[in-house]
Every structure is written in structure tokens, then in C-alpha cells.
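Containing mmCIF, C-alpha atoms: target-v8.cif.
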```
data_target
#
loop_
_atom_site.group_PDB
_atom_site.id
_atom_site.type_symbol
_atom_site.label_atom_id
_atom_site.label_comp_id
_atom_site.auth_asym_id
_atom_site.auth_seq_id
_atom_site.Cartn_x
_atom_site.Cartn_y
_atom_site.Cartn_z
ATOM 1 C CA MET A 1 -85.776 11.127 -19.036
ATOM 2 C CA ALA A 2 -83.945 14.133 -20.409
ATOM 3 C CA PHE A 3 -80.335 14.950 -21.127
ATOM 4 C CA VAL A 4 -78.283 16.065 -18.131
ATOM 5 C CA ALA A 5 -77.502 19.742 -18.637
ATOM 6 C CA ILE A 6 -74.564 21.703 -17.273
ATOM 7 C CA VAL A 7 -73.064 25.002 -18.391
ATOM 8 C CA GLY A 8 -70.613 24.605 -21.250
ATOM 9 C CA ASN A 9 -71.811 21.191 -22.463
ATOM 10 C CA PRO A 10 -74.645 21.708 -24.957
ATOM 11 C CA ALA A 11 -76.316 18.701 -26.531
ATOM 12 C CA PRO A 12 -75.765 18.083 -30.246
ATOM 13 C CA ASP A 13 -78.188 19.984 -32.472
ATOM 14 C CA GLY A 14 -81.404 18.051 -32.932
ATOM 15 C CA ALA A 15 -80.395 15.321 -30.489
ATOM 16 C CA ILE A 16 -83.138 12.899 -29.476
ATOM 17 C CA GLU A 17 -83.068 10.486 -26.559
ATOM 18 C CA GLU A 18 -84.722 7.076 -26.864
ATOM 19 C CA THR A 19 -85.031 4.021 -24.657
ATOM 20 C CA PHE A 20 -85.833 0.407 -25.404
ATOM 21 C CA THR A 21 -85.884 -2.871 -23.549
ATOM 22 C CA GLY A 22 -82.753 -4.994 -23.854
ATOM 23 C CA ARG A 23 -82.005 -8.535 -22.747
ATOM 24 C CA ARG A 24 -83.632 -9.643 -19.483
ATOM 25 C CA GLY A 25 -85.809 -6.533 -19.455
ATOM 26 C CA VAL A 26 -83.027 -3.988 -18.913
ATOM 27 C CA ALA A 27 -83.852 -0.472 -20.139
ATOM 28 C CA ILE A 28 -81.240 0.830 -22.582
ATOM 29 C CA ARG A 29 -80.841 4.545 -23.302
ATOM 30 C CA VAL A 30 -79.495 5.910 -26.575
ATOM 31 C CA MET A 31 -79.041 9.236 -28.315
ATOM 32 C CA ARG A 32 -79.214 10.023 -32.014
ATOM 33 C CA ALA A 33 -78.592 13.331 -33.743
ATOM 34 C CA PRO A 34 -78.649 14.358 -37.410
ATOM 35 C CA ALA A 35 -75.788 15.683 -39.472
ATOM 36 C CA LEU A 36 -75.787 19.463 -39.807
ATOM 37 C CA ALA A 37 -75.694 19.299 -43.616
ATOM 38 C CA ALA A 38 -76.058 16.557 -46.221
ATOM 39 C CA ALA A 39 -75.034 13.440 -44.323
ATOM 40 C CA ARG A 40 -71.936 11.599 -45.517
ATOM 41 C CA GLY A 41 -72.725 8.746 -43.110
ATOM 42 C CA SER A 42 -73.057 8.050 -39.390
ATOM 43 C CA VAL A 43 -70.628 7.689 -36.501
ATOM 44 C CA LEU A 44 -71.646 5.325 -33.713
ATOM 45 C CA ILE A 45 -70.075 6.442 -30.419
ATOM 46 C CA CYS A 46 -69.566 3.622 -27.912
ATOM 47 C CA PRO A 47 -68.256 4.819 -24.527
ATOM 48 C CA GLY A 48 -66.037 3.142 -21.973
ATOM 49 C CA ARG A 49 -66.747 1.832 -18.486
ATOM 50 C CA THR A 50 -68.355 4.413 -16.129
ATOM 51 C CA GLU A 51 -69.091 6.737 -19.064
ATOM 52 C CA PHE A 52 -72.371 8.072 -20.428
ATOM 53 C CA ILE A 53 -73.906 9.890 -23.370
ATOM 54 C CA GLU A 54 -73.481 13.446 -22.064
ATOM 55 C CA LYS A 55 -69.714 12.989 -21.699
ATOM 56 C CA TYR A 56 -69.527 12.650 -25.496
ATOM 57 C CA PHE A 57 -71.589 15.699 -26.473
ATOM 58 C CA GLU A 58 -68.460 17.584 -27.573
ATOM 59 C CA VAL A 59 -67.310 14.655 -29.724
ATOM 60 C CA ALA A 60 -70.780 14.268 -31.254
ATOM 61 C CA ARG A 61 -71.000 17.989 -32.093
ATOM 62 C CA ARG A 62 -67.619 17.811 -33.798
ATOM 63 C CA LEU A 63 -68.763 14.888 -35.924
ATOM 64 C CA GLN A 64 -72.071 16.571 -36.758
ATOM 65 C CA ALA A 65 -70.202 19.587 -38.082
ATOM 66 C CA ASP A 66 -68.147 17.274 -40.290
ATOM 67 C CA GLY A 67 -71.247 15.840 -41.965
ATOM 68 C CA PHE A 68 -72.061 12.830 -39.817
ATOM 69 C CA ALA A 69 -75.234 11.778 -38.087
ATOM 70 C CA THR A 70 -74.282 10.560 -34.622
ATOM 71 C CA PHE A 71 -75.381 7.890 -32.180
ATOM 72 C CA CYS A 72 -74.338 7.150 -28.609
ATOM 73 C CA ILE A 73 -75.371 4.511 -26.077
ATOM 74 C CA ASP A 74 -75.478 4.150 -22.310
ATOM 75 C CA TRP A 75 -74.432 0.535 -21.758
ATOM 76 C CA ARG A 76 -76.560 -1.551 -19.412
ATOM 77 C CA GLY A 77 -75.354 -1.053 -15.863
ATOM 78 C CA GLN A 78 -74.187 2.539 -16.308
ATOM 79 C CA GLY A 79 -75.258 5.993 -17.393
ATOM 80 C CA LEU A 80 -79.036 6.280 -17.234
ATOM 81 C CA SER A 81 -79.655 2.780 -18.565
ATOM 82 C CA GLY A 82 -81.054 0.078 -16.308
ATOM 83 C CA ARG A 83 -79.098 -1.992 -13.796
ATOM 84 C CA GLU A 84 -78.929 -5.695 -13.066
ATOM 85 C CA THR A 85 -77.780 -5.219 -9.475
ATOM 86 C CA LYS A 86 -79.595 -3.736 -6.493
ATOM 87 C CA ASN A 87 -76.696 -1.366 -5.903
ATOM 88 C CA PRO A 88 -76.724 0.994 -8.919
ATOM 89 C CA GLN A 89 -73.068 1.902 -8.443
ATOM 90 C CA LYS A 90 -71.812 -1.618 -9.169
ATOM 91 C CA GLY A 91 -70.416 -2.030 -12.660
ATOM 92 C CA HIS A 92 -71.767 -5.433 -13.684
ATOM 93 C CA PHE A 93 -72.136 -7.655 -16.730
ATOM 94 C CA VAL A 94 -73.247 -11.255 -16.910
ATOM 95 C CA SER A 95 -71.609 -11.478 -20.346
ATOM 96 C CA LEU A 96 -70.319 -8.932 -22.842
ATOM 97 C CA ASP A 97 -72.655 -10.594 -25.317
ATOM 98 C CA ASP A 98 -75.459 -8.736 -23.523
ATOM 99 C CA PRO A 99 -74.282 -5.196 -24.349
ATOM 100 C CA ALA A 100 -73.204 -6.412 -27.805
ATOM 101 C CA ALA A 101 -76.792 -7.562 -28.387
ATOM 102 C CA ASP A 102 -78.108 -4.285 -26.941
ATOM 103 C CA LEU A 103 -75.961 -2.361 -29.431
ATOM 104 C CA ALA A 104 -77.313 -4.368 -32.351
ATOM 105 C CA ALA A 105 -80.888 -3.789 -31.171
ATOM 106 C CA ALA A 106 -80.270 -0.065 -30.691
ATOM 107 C CA LEU A 107 -78.873 0.324 -34.190
ATOM 108 C CA ASP A 108 -81.883 -1.477 -35.614
ATOM 109 C CA LEU A 109 -84.161 0.842 -33.630
ATOM 110 C CA CYS A 110 -82.414 3.938 -35.012
ATOM 111 C CA LYS A 111 -81.607 2.664 -38.514
ATOM 112 C CA ASP A 112 -83.927 5.076 -40.327
ATOM 113 C CA HIS A 113 -82.017 8.004 -38.784
ATOM 114 C CA LEU A 114 -78.472 6.704 -39.234
ATOM 115 C CA PRO A 115 -77.518 6.788 -42.906
ATOM 116 C CA ARG A 116 -74.785 4.519 -44.197
ATOM 117 C CA PRO A 117 -71.856 4.158 -44.268
ATOM 118 C CA HIS A 118 -71.418 3.497 -40.539
ATOM 119 C CA ILE A 119 -68.172 4.186 -38.685
ATOM 120 C CA VAL A 120 -68.028 3.035 -35.100
ATOM 121 C CA LEU A 121 -65.990 5.112 -32.632
ATOM 122 C CA ALA A 122 -65.386 3.050 -29.505
ATOM 123 C CA HIS A 123 -63.412 3.813 -26.356
ATOM 124 C CA SER A 124 -61.915 1.393 -23.829
ATOM 125 C CA MET A 125 -64.591 -1.083 -22.650
ATOM 126 C CA GLY A 126 -66.719 0.066 -25.567
ATOM 127 C CA GLY A 127 -63.934 -1.234 -27.774
ATOM 128 C CA ALA A 128 -64.269 -4.720 -26.278
ATOM 129 C CA ILE A 129 -68.049 -4.707 -26.718
ATOM 130 C CA VAL A 130 -67.831 -3.465 -30.305
ATOM 131 C CA LEU A 131 -65.148 -5.961 -31.281
ATOM 132 C CA ARG A 132 -67.267 -8.722 -29.750
ATOM 133 C CA ALA A 133 -70.272 -7.489 -31.751
ATOM 134 C CA LEU A 134 -68.162 -7.567 -34.922
ATOM 135 C CA GLN A 135 -66.654 -10.942 -34.055
ATOM 136 C CA THR A 136 -70.115 -12.475 -33.601
ATOM 137 C CA ARG A 137 -71.519 -10.648 -36.656
ATOM 138 C CA ARG A 138 -74.146 -8.880 -34.573
ATOM 139 C CA ILE A 139 -73.326 -5.599 -36.297
ATOM 140 C CA VAL A 140 -71.879 -4.659 -39.679
ATOM 141 C CA VAL A 141 -69.982 -1.402 -40.128
ATOM 142 C CA GLU A 142 -67.979 0.099 -42.958
ATOM 143 C CA GLY A 143 -65.200 1.325 -40.671
ATOM 144 C CA ALA A 144 -64.156 1.399 -37.024
ATOM 145 C CA ALA A 145 -61.942 3.561 -34.828
ATOM 146 C CA PHE A 146 -60.874 2.322 -31.406
ATOM 147 C CA SER A 147 -59.534 4.635 -28.701
ATOM 148 C CA ALA A 148 -57.445 2.798 -26.067
ATOM 149 C CA PRO A 149 -59.571 -0.350 -26.491
ATOM 150 C CA MET A 150 -59.965 -2.747 -23.580
ATOM 151 C CA TRP A 151 -58.607 -5.808 -25.375
ATOM 152 C CA GLY A 152 -56.547 -6.713 -22.335
ATOM 153 C CA ILE A 153 -56.059 -5.507 -18.764
ATOM 154 C CA ALA A 154 -52.555 -5.706 -17.332
ATOM 155 C CA ALA A 155 -53.838 -6.632 -13.864
ATOM 156 C CA PHE A 156 -55.729 -9.631 -15.265
ATOM 157 C CA THR A 157 -53.199 -12.355 -14.579
ATOM 158 C CA ARG A 158 -54.130 -16.003 -15.059
ATOM 159 C CA ALA A 159 -54.755 -16.244 -11.300
ATOM 160 C CA VAL A 160 -57.074 -13.220 -11.319
ATOM 161 C CA LYS A 161 -59.094 -14.639 -14.192
ATOM 162 C CA SER A 162 -59.367 -18.055 -12.539
ATOM 163 C CA TYR A 163 -60.498 -16.474 -9.268
ATOM 164 C CA ALA A 164 -63.160 -14.361 -11.005
ATOM 165 C CA ARG A 165 -64.528 -17.327 -12.921
ATOM 166 C CA PHE A 166 -64.528 -19.571 -9.880
ATOM 167 C CA MET A 167 -66.246 -17.044 -7.603
ATOM 168 C CA THR A 168 -68.813 -16.285 -10.297
ATOM 169 C CA SER A 169 -69.551 -20.003 -10.609
ATOM 170 C CA LEU A 170 -70.258 -20.027 -6.861
ATOM 171 C CA GLY A 171 -72.849 -17.258 -7.226
ATOM 172 C CA ALA A 172 -70.672 -14.339 -6.089
ATOM 173 C CA GLY A 173 -70.663 -12.590 -9.444
ATOM 174 C CA GLN A 174 -72.542 -9.528 -8.182
ATOM 175 C CA SER A 175 -70.049 -8.892 -5.365
ATOM 176 C CA TYR A 176 -67.523 -6.120 -5.843
ATOM 177 C CA ALA A 177 -64.170 -7.285 -7.168
ATOM 178 C CA PRO A 178 -61.467 -7.180 -4.472
ATOM 179 C CA GLY A 179 -59.786 -3.826 -3.970
ATOM 180 C CA VAL A 180 -62.085 -1.658 -6.086
ATOM 181 C CA GLU A 181 -63.833 1.551 -5.060
ATOM 182 C CA ARG A 182 -67.300 0.853 -3.632
ATOM 183 C CA VAL A 183 -68.659 4.399 -3.768
ATOM 184 C CA TRP A 184 -68.168 7.001 -6.482
ATOM 185 C CA ARG A 185 -66.249 10.023 -5.312
ATOM 186 C CA ARG A 186 -64.903 13.036 -7.104
ATOM 187 C CA GLU A 187 -61.160 12.614 -7.460
ATOM 188 C CA THR A 188 -58.840 15.567 -7.800
ATOM 189 C CA PHE A 189 -57.460 16.337 -11.231
ATOM 190 C CA GLU A 190 -53.909 15.824 -9.988
ATOM 191 C CA LYS A 191 -54.598 12.153 -9.144
ATOM 192 C CA ASN A 192 -56.301 11.243 -12.415
ATOM 193 C CA ALA A 193 -54.838 8.793 -14.945
ATOM 194 C CA LEU A 194 -57.333 9.696 -17.677
ATOM 195 C CA THR A 195 -56.461 13.049 -19.236
ATOM 196 C CA HIS A 196 -54.155 16.070 -19.110
ATOM 197 C CA ASP A 197 -57.112 18.364 -19.834
ATOM 198 C CA ARG A 198 -58.323 19.977 -16.624
ATOM 199 C CA VAL A 199 -61.486 21.485 -18.143
ATOM 200 C CA ARG A 200 -62.693 18.258 -19.783
ATOM 201 C CA TYR A 201 -61.928 16.293 -16.630
ATOM 202 C CA ALA A 202 -63.920 18.736 -14.491
ATOM 203 C CA ARG A 203 -66.815 18.593 -16.941
ATOM 204 C CA SER A 204 -67.107 14.830 -16.510
ATOM 205 C CA MET A 205 -67.109 15.171 -12.731
ATOM 206 C CA ASP A 206 -69.620 18.037 -12.869
ATOM 207 C CA LEU A 207 -72.045 15.927 -14.912
ATOM 208 C CA VAL A 208 -72.068 13.196 -12.267
ATOM 209 C CA GLU A 209 -72.584 15.726 -9.499
ATOM 210 C CA ALA A 210 -75.462 17.252 -11.468
ATOM 211 C CA GLU A 211 -77.094 13.821 -11.885
ATOM 212 C CA PRO A 212 -76.027 11.345 -9.170
ATOM 213 C CA ARG A 213 -77.602 8.430 -11.076
ATOM 214 C CA LEU A 214 -74.641 8.671 -13.443
ATOM 215 C CA ALA A 215 -72.275 7.682 -10.634
ATOM 216 C CA LEU A 216 -70.537 4.319 -10.974
ATOM 217 C CA ALA A 217 -68.011 2.787 -8.618
ATOM 218 C CA GLY A 218 -65.886 -0.316 -9.183
ATOM 219 C CA PRO A 219 -66.715 -3.436 -11.185
ATOM 220 C CA THR A 220 -68.036 -6.717 -9.870
ATOM 221 C CA ILE A 221 -66.390 -10.124 -9.890
ATOM 222 C CA GLY A 222 -68.881 -11.096 -12.597
ATOM 223 C CA TRP A 223 -67.790 -8.141 -14.705
ATOM 224 C CA ALA A 224 -64.186 -9.292 -14.396
ATOM 225 C CA ALA A 225 -65.088 -12.859 -15.392
ATOM 226 C CA ALA A 226 -67.200 -11.696 -18.337
ATOM 227 C CA SER A 227 -64.513 -9.295 -19.549
ATOM 228 C CA ALA A 228 -61.787 -11.930 -19.286
ATOM 229 C CA GLN A 229 -63.904 -14.382 -21.254
ATOM 230 C CA CYS A 230 -64.498 -11.834 -23.993
ATOM 231 C CA MET A 231 -60.910 -10.603 -24.234
ATOM 232 C CA ASP A 232 -59.474 -14.124 -24.285
ATOM 233 C CA GLY A 233 -61.815 -14.894 -27.173
ATOM 234 C CA PHE A 234 -60.133 -12.273 -29.350
ATOM 235 C CA CYS A 235 -56.905 -14.268 -29.214
ATOM 236 C CA ALA A 236 -58.297 -17.534 -30.612
ATOM 237 C CA ALA A 237 -56.841 -18.511 -33.978
ATOM 238 C CA GLY A 238 -58.847 -16.931 -36.810
ATOM 239 C CA ALA A 239 -61.331 -15.328 -34.416
ATOM 240 C CA LEU A 240 -61.221 -11.954 -36.196
ATOM 241 C CA ALA A 241 -60.226 -12.963 -39.721
ATOM 242 C CA HIS A 242 -63.652 -12.030 -41.084
ATOM 243 C CA VAL A 243 -63.510 -8.492 -39.630
ATOM 244 C CA THR A 244 -62.221 -6.910 -42.838
ATOM 245 C CA ALA A 245 -63.533 -3.337 -42.606
ATOM 246 C CA PRO A 246 -60.861 -0.609 -42.325
ATOM 247 C CA ILE A 247 -59.955 -0.202 -38.658
ATOM 248 C CA LEU A 248 -58.003 2.454 -36.742
ATOM 249 C CA ILE A 249 -56.541 1.538 -33.357
ATOM 250 C CA ALA A 250 -55.172 4.372 -31.208
ATOM 251 C CA THR A 251 -53.003 3.488 -28.219
ATOM 252 C CA ALA A 252 -52.340 6.000 -25.434
ATOM 253 C CA GLU A 253 -48.629 6.294 -24.717
ATOM 254 C CA GLU A 254 -49.182 7.087 -21.011
ATOM 255 C CA GLU A 255 -51.693 4.271 -20.518
ATOM 256 C CA LYS A 256 -52.258 2.991 -16.959
ATOM 257 C CA LEU A 257 -55.605 1.161 -17.208
ATOM 258 C CA VAL A 258 -55.697 -1.191 -20.188
ATOM 259 C CA ASP A 259 -52.976 -3.350 -21.704
ATOM 260 C CA ASN A 260 -51.231 -1.747 -24.678
ATOM 261 C CA ALA A 261 -49.490 -5.008 -25.560
ATOM 262 C CA ALA A 262 -52.900 -6.643 -26.013
ATOM 263 C CA GLN A 263 -53.910 -3.878 -28.415
ATOM 264 C CA ALA A 264 -50.842 -4.583 -30.534
ATOM 265 C CA ALA A 265 -51.507 -8.330 -30.446
ATOM 266 C CA VAL A 266 -55.137 -7.968 -31.550
ATOM 267 C CA ALA A 267 -54.233 -5.367 -34.181
ATOM 268 C CA ALA A 268 -51.843 -7.869 -35.735
ATOM 269 C CA THR A 269 -54.717 -10.315 -36.295
ATOM 270 C CA LEU A 270 -57.056 -7.833 -37.977
ATOM 271 C CA PRO A 271 -56.783 -7.945 -41.780
ATOM 272 C CA ASN A 272 -57.222 -4.208 -42.425
ATOM 273 C CA ALA A 273 -55.964 -2.372 -39.334
ATOM 274 C CA THR A 274 -53.859 0.739 -38.827
ATOM 275 C CA HIS A 275 -52.318 0.976 -35.352
ATOM 276 C CA ILE A 276 -50.972 4.271 -34.028
ATOM 277 C CA THR A 277 -49.701 5.473 -30.661
ATOM 278 C CA ILE A 278 -50.707 8.926 -29.436
ATOM 279 C CA PRO A 279 -47.581 10.484 -27.892
ATOM 280 C CA GLY A 280 -48.095 11.794 -24.370
ATOM 281 C CA ALA A 281 -51.765 10.829 -24.179
ATOM 282 C CA ARG A 282 -53.405 9.245 -21.171
ATOM 283 C CA HIS A 283 -56.214 6.679 -21.360
ATOM 284 C CA GLU A 284 -59.083 8.951 -22.436
ATOM 285 C CA ILE A 285 -57.682 10.091 -25.775
ATOM 286 C CA LEU A 286 -60.973 11.728 -26.798
ATOM 287 C CA MET A 287 -60.993 13.770 -23.568
ATOM 288 C CA GLU A 288 -57.362 14.867 -23.884
ATOM 289 C CA THR A 289 -56.079 18.361 -24.625
ATOM 290 C CA ASP A 290 -56.659 19.646 -28.149
ATOM 291 C CA GLU A 291 -52.961 19.219 -28.918
ATOM 292 C CA LEU A 292 -52.855 15.602 -27.745
ATOM 293 C CA GLN A 293 -56.086 14.769 -29.580
ATOM 294 C CA ARG A 294 -54.803 16.159 -32.878
ATOM 295 C CA PRO A 295 -52.996 12.981 -34.101
ATOM 296 C CA PHE A 296 -56.056 10.884 -33.361
ATOM 297 C CA TRP A 297 -58.410 13.123 -35.312
ATOM 298 C CA ALA A 298 -55.990 13.301 -38.225
ATOM 299 C CA ALA A 299 -55.990 9.504 -38.408
ATOM 300 C CA PHE A 300 -59.766 9.342 -37.906
ATOM 301 C CA ASN A 301 -60.328 11.848 -40.710
ATOM 302 C CA ALA A 302 -58.161 9.759 -43.026
ATOM 303 C CA LEU A 303 -60.295 6.716 -42.196
ATOM 304 C CA ALA A 304 -63.511 8.700 -42.646
ATOM 305 C CA ASP A 305 -62.381 10.097 -46.008
ATOM 306 C CA ARG A 306 -61.694 6.535 -47.141
ATOM 307 C CA VAL A 307 -65.010 5.110 -45.929
ATOM 308 C CA ALA A 308 -67.352 8.099 -46.234
ATOM 309 C CA PRO A 309 -65.933 10.754 -48.601
ATOM 310 C CA LYS A 310 -67.099 14.302 -48.065
ATOM 311 C CA ILE A 311 -70.009 15.439 -50.188
ATOM 312 C CA SER A 312 -68.927 18.279 -52.478
#
```

As C-alpha cells - that is how I would like this structure written.
Amino acid sequence: MAFVAIVGNPAPDGAIEETFTGRRGVAIRVMRAPALAAARGSVLICPGRTEFIEKYFEVARRLQADGFATFCIDWRGQGLSGRETKNPQKGHFVSLDDPAADLAAALDLCKDHLPRPHIVLAHSMGGAIVLRALQTRRIVVEGAAFSAPMWGIAAFTRAVKSYARFMTSLGAGQSYAPGVERVWRRETFEKNALTHDRVRYARSMDLVEAEPRLALAGPTIGWAAASAQCMDGFCAAGALAHVTAPILIATAEEEKLVDNAAQAAVAATLPNATHITIPGARHEILMETDELQRPFWAAFNALADRVAPKIS
């Protein structure tokens, strides 16, 4: 495989693509890239649902220029990693422990190229996977930044969760969840709930059109059951008490996909968390306009300076 190339989205300098075999034989694709000067540490980029490595090239280049080696992963079931369903456009997990284990294996694979300290930068569903990996001690990081983390979904009522678990127990886990899109299609910018940035939004769509294997439609019933199980686990008494690394949680003020109240609830249980709201931002904070991203990067830089001071 090779990186998907479109005009205006260059890969990070020195970026290398690797693949390895994850749980149940699923191929997992990752990217690593060196810092552009003496490395002050590494930032581990963990995307959200439907996303892929190439979407984060701009973020990775920014971090490289600030002295960080970078890493990014295509979760199983999306990007150019392997699938566990016959239909490659179904977003499916058996359990979020699977991608959490894949992440741990990927970091071990790349450890010689990712100097410490490690700061994880996780968006949306990636935030659920990373927090699960931290909760289960699969990974150890010196700091973490979460962008609109999927620690709850407003539409996941008790009835929805019960239905997903019941249908999965009957063997229907690989069926699409009710009411979701079954084929990827390019939506107009005006209808999107992700970003106010027209150029960055178009870039994401252009990447999928350039490489149709990146296309992902709606999630499965099994994905819903697995996600509910994971997110409910964050709320258990003392579940996150041992996660003591400095953590930044950024909530999007104009959020329409994940549950902001759940982010506040989880943040309150983390021993060393800073929780901010990004005024005016939609769900994809890291794909927002430069102006809307500015508060996030200011807070991230404060975390990075605390965990991985710049080398003078």
C-alpha cells in the first residue's frame, strides 16, 4: 500500500507506512514520521470513526514542526486496515478491546521510532478506544489530549443499548444499525455537522473519492453494542482512578454527534484533567477553521510544555 495522495495534502516529512496483523488476523495500518529537529517526544494521533491516516497529515506536519515524532493508526474496520465484515463500508467492532489491543501492538511495533514522552491525541471514537486502553493498562502515556471524545452518545438511550445488546446476542451484530446510511456518499458542505472550514471538509471528501476503499457508511448493531459496553464502563466507581497522567479534554460547543454531558461526567472522575469548551466549534475540532482551532492548540501546547518541554 501507499499513502493516498491529493493536491494540497502532502504527507509528513519522512513518513513511513507499516502494517501488522492484529487480533483475529485483521491487517492494521499505521504511519510513523520523525520529528523535524531534536525530538522532544512523540504524539500518537488516534482518529475518530470513518477517519483515516491521510486526513491527519496536516495535524501531523504541525506536530513535526514543533519537535514531535508522530504516529497515526487506521482502526480495524476503516481506512485501509482490514475488515471483519464482507461489506467493507460497514463500521463494525466486536469489542472496543480489539482496537485497544491493536493500538498497544502498534506502539510496540514502532517503539524504536517513537521517543518518549508520549502524548496521545485522540478524536471522538478514538477517544473511547484510547481511554479504554488506558483504563485496562494496555498503554502507558505521559499525557493525553482528547478532542470531542466519544464517552457518550446522546441517542444511546437505555432502550437503544438494550436492543443492540439483544440483537447482537442473537447473531445480528454485523447488520447495519437501524436508520444509518448504508452507502457512503459525498454530502454537501452546507449539511455537515463536523466543521465550519470548507477547505478542510472538501479535502476529507476528496481523499475518499481518490481512494474509494476509504469510504465508510454507518455502524453496525454490534458496533453500537460494543461502544455502549465500553462507554458504560467508564462510569463505574473508581474505573479511571489510576489514570493519573495530565489530560486535556476539549468539548465542541456546537456538538451534534457525541454527548457533551458525558465528557463532563468522565472528566470529573479523572484525577488530573483539564476540561475546556471550544466556543463555536463543531465536532471535528482539529478540522475546524484556524480561528476556532486556536484555543485547542493553546491548551495542547500548555499540556505539551508540561509533559515534553521544548529542547533549547

- Can you find the residues with an atom no farther than 12 Å from (-59.7, -5.0, -4.2), counting all atoms listed in the file, and report them as number ranges by chain? A: 155, 160, 175-182, 218-221, 224

I would like the residues chosen by the PyMOL selection byres ((chain A and resi 133-150) around 7) on the shown file; could you give them as a PDB file with C-alpha atoms, in the coordinates of the input?
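New file out.pdb:
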```pdb
ATOM      1  CA  ALA A 100     -73.204  -6.412 -27.805  1.00  0.00           C
ATOM      2  CA  ALA A 101     -76.792  -7.562 -28.387  1.00  0.00           C
ATOM      3  CA  ALA A 104     -77.313  -4.368 -32.351  1.00  0.00           C
ATOM      4  CA  PRO A 117     -71.856   4.158 -44.268  1.00  0.00           C
ATOM      5  CA  HIS A 118     -71.418   3.497 -40.539  1.00  0.00           C
ATOM      6  CA  ILE A 119     -68.172   4.186 -38.685  1.00  0.00           C
ATOM      7  CA  VAL A 120     -68.028   3.035 -35.100  1.00  0.00           C
ATOM      8  CA  LEU A 121     -65.990   5.112 -32.632  1.00  0.00           C
ATOM      9  CA  ALA A 122     -65.386   3.050 -29.505  1.00  0.00           C
ATOM     10  CA  HIS A 123     -63.412   3.813 -26.356  1.00  0.00           C
ATOM     11  CA  SER A 124     -61.915   1.393 -23.829  1.00  0.00           C
ATOM     12  CA  MET A 125     -64.591  -1.083 -22.650  1.00  0.00           C
ATOM     13  CA  GLY A 127     -63.934  -1.234 -27.774  1.00  0.00           C
ATOM     14  CA  ALA A 128     -64.269  -4.720 -26.278  1.00  0.00           C
ATOM     15  CA  ILE A 129     -68.049  -4.707 -26.718  1.00  0.00           C
ATOM     16  CA  VAL A 130     -67.831  -3.465 -30.305  1.00  0.00           C
ATOM     17  CA  LEU A 131     -65.148  -5.961 -31.281  1.00  0.00           C
ATOM     18  CA  ARG A 132     -67.267  -8.722 -29.750  1.00  0.00           C
ATOM     19  CA  TRP A 151     -58.607  -5.808 -25.375  1.00  0.00           C
ATOM     20  CA  GLY A 152     -56.547  -6.713 -22.335  1.00  0.00           C
ATOM     21  CA  ILE A 153     -56.059  -5.507 -18.764  1.00  0.00           C
ATOM     22  CA  ALA A 239     -61.331 -15.328 -34.416  1.00  0.00           C
ATOM     23  CA  LEU A 240     -61.221 -11.954 -36.196  1.00  0.00           C
ATOM     24  CA  VAL A 243     -63.510  -8.492 -39.630  1.00  0.00           C
ATOM     25  CA  ALA A 245     -63.533  -3.337 -42.606  1.00  0.00           C
ATOM     26  CA  PRO A 246     -60.861  -0.609 -42.325  1.00  0.00           C
ATOM     27  CA  ILE A 247     -59.955  -0.202 -38.658  1.00  0.00           C
ATOM     28  CA  LEU A 248     -58.003   2.454 -36.742  1.00  0.00           C
ATOM     29  CA  ILE A 249     -56.541   1.538 -33.357  1.00  0.00           C
ATOM     30  CA  ALA A 250     -55.172   4.372 -31.208  1.00  0.00           C
ATOM     31  CA  THR A 251     -53.003   3.488 -28.219  1.00  0.00           C
ATOM     32  CA  ALA A 252     -52.340   6.000 -25.434  1.00  0.00           C
ATOM     33  CA  VAL A 258     -55.697  -1.191 -20.188  1.00  0.00           C
ATOM     34  CA  GLN A 263     -53.910  -3.878 -28.415  1.00  0.00           C
ATOM     35  CA  HIS A 283     -56.214   6.679 -21.360  1.00  0.00           C
ATOM     36  CA  ILE A 285     -57.682  10.091 -25.775  1.00  0.00           C
ATOM     37  CA  PHE A 300     -59.766   9.342 -37.906  1.00  0.00           C
ATOM     38  CA  VAL A 307     -65.010   5.110 -45.929  1.00  0.00           C
TER      39      VAL A 307
END
```

- Between A:Arg61, A:Leu107, A:Phe166, A:Gln174, which has the minimum distance to Arg83 in chain A (counting all atoms listed in the file)?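 Closest to Arg83 in chain A, using all atoms listed in the file: A:Gln174.
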
Any chance you could work out the residue set of the PyMOL selection byres ((chain A and resi 78) around 9) here, as a PDB file with C-alpha atoms, in the coordinates of the input?
```
ATOM      1  CA  ARG A  49     -66.747   1.832 -18.486  1.00  0.00           C
ATOM      2  CA  THR A  50     -68.355   4.413 -16.129  1.00  0.00           C
ATOM      3  CA  GLU A  51     -69.091   6.737 -19.064  1.00  0.00           C
ATOM      4  CA  PHE A  52     -72.371   8.072 -20.428  1.00  0.00           C
ATOM      5  CA  ASP A  74     -75.478   4.150 -22.310  1.00  0.00           C
ATOM      6  CA  TRP A  75     -74.432   0.535 -21.758  1.00  0.00           C
ATOM      7  CA  ARG A  76     -76.560  -1.551 -19.412  1.00  0.00           C
ATOM      8  CA  GLY A  77     -75.354  -1.053 -15.863  1.00  0.00           C
ATOM      9  CA  GLY A  79     -75.258   5.993 -17.393  1.00  0.00           C
ATOM     10  CA  LEU A  80     -79.036   6.280 -17.234  1.00  0.00           C
ATOM     11  CA  SER A  81     -79.655   2.780 -18.565  1.00  0.00           C
ATOM     12  CA  GLY A  82     -81.054   0.078 -16.308  1.00  0.00           C
ATOM     13  CA  ARG A  83     -79.098  -1.992 -13.796  1.00  0.00           C
ATOM     14  CA  PRO A  88     -76.724   0.994  -8.919  1.00  0.00           C
ATOM     15  CA  GLN A  89     -73.068   1.902  -8.443  1.00  0.00           C
ATOM     16  CA  LYS A  90     -71.812  -1.618  -9.169  1.00  0.00           C
ATOM     17  CA  GLY A  91     -70.416  -2.030 -12.660  1.00  0.00           C
ATOM     18  CA  HIS A  92     -71.767  -5.433 -13.684  1.00  0.00           C
ATOM     19  CA  ARG A 213     -77.602   8.430 -11.076  1.00  0.00           C
ATOM     20  CA  LEU A 214     -74.641   8.671 -13.443  1.00  0.00           C
ATOM     21  CA  ALA A 215     -72.275   7.682 -10.634  1.00  0.00           C
ATOM     22  CA  LEU A 216     -70.537   4.319 -10.974  1.00  0.00           C
TER      23      LEU A 216
END
```

- Query: What separation in Å, quoted to one decimal, exists between CA of Ser162 in chain A and CA of Asn260 in chain A?
  - Reply: 21.9 Å

- Residue among A:Cys72, A:Ala39, A:Arg32, A:Leu109 lying closest to Phe20 in chain A, counting all atoms listed in the file: A:Leu109

- Nearest-residue call for Ile53 in chain A, choices A:Pro212, A:Pro115, A:Pro12, A:Gly67, using all atoms listed in the file: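 Distance minimum relative to Ile53 in chain A lands on A:Pro12.
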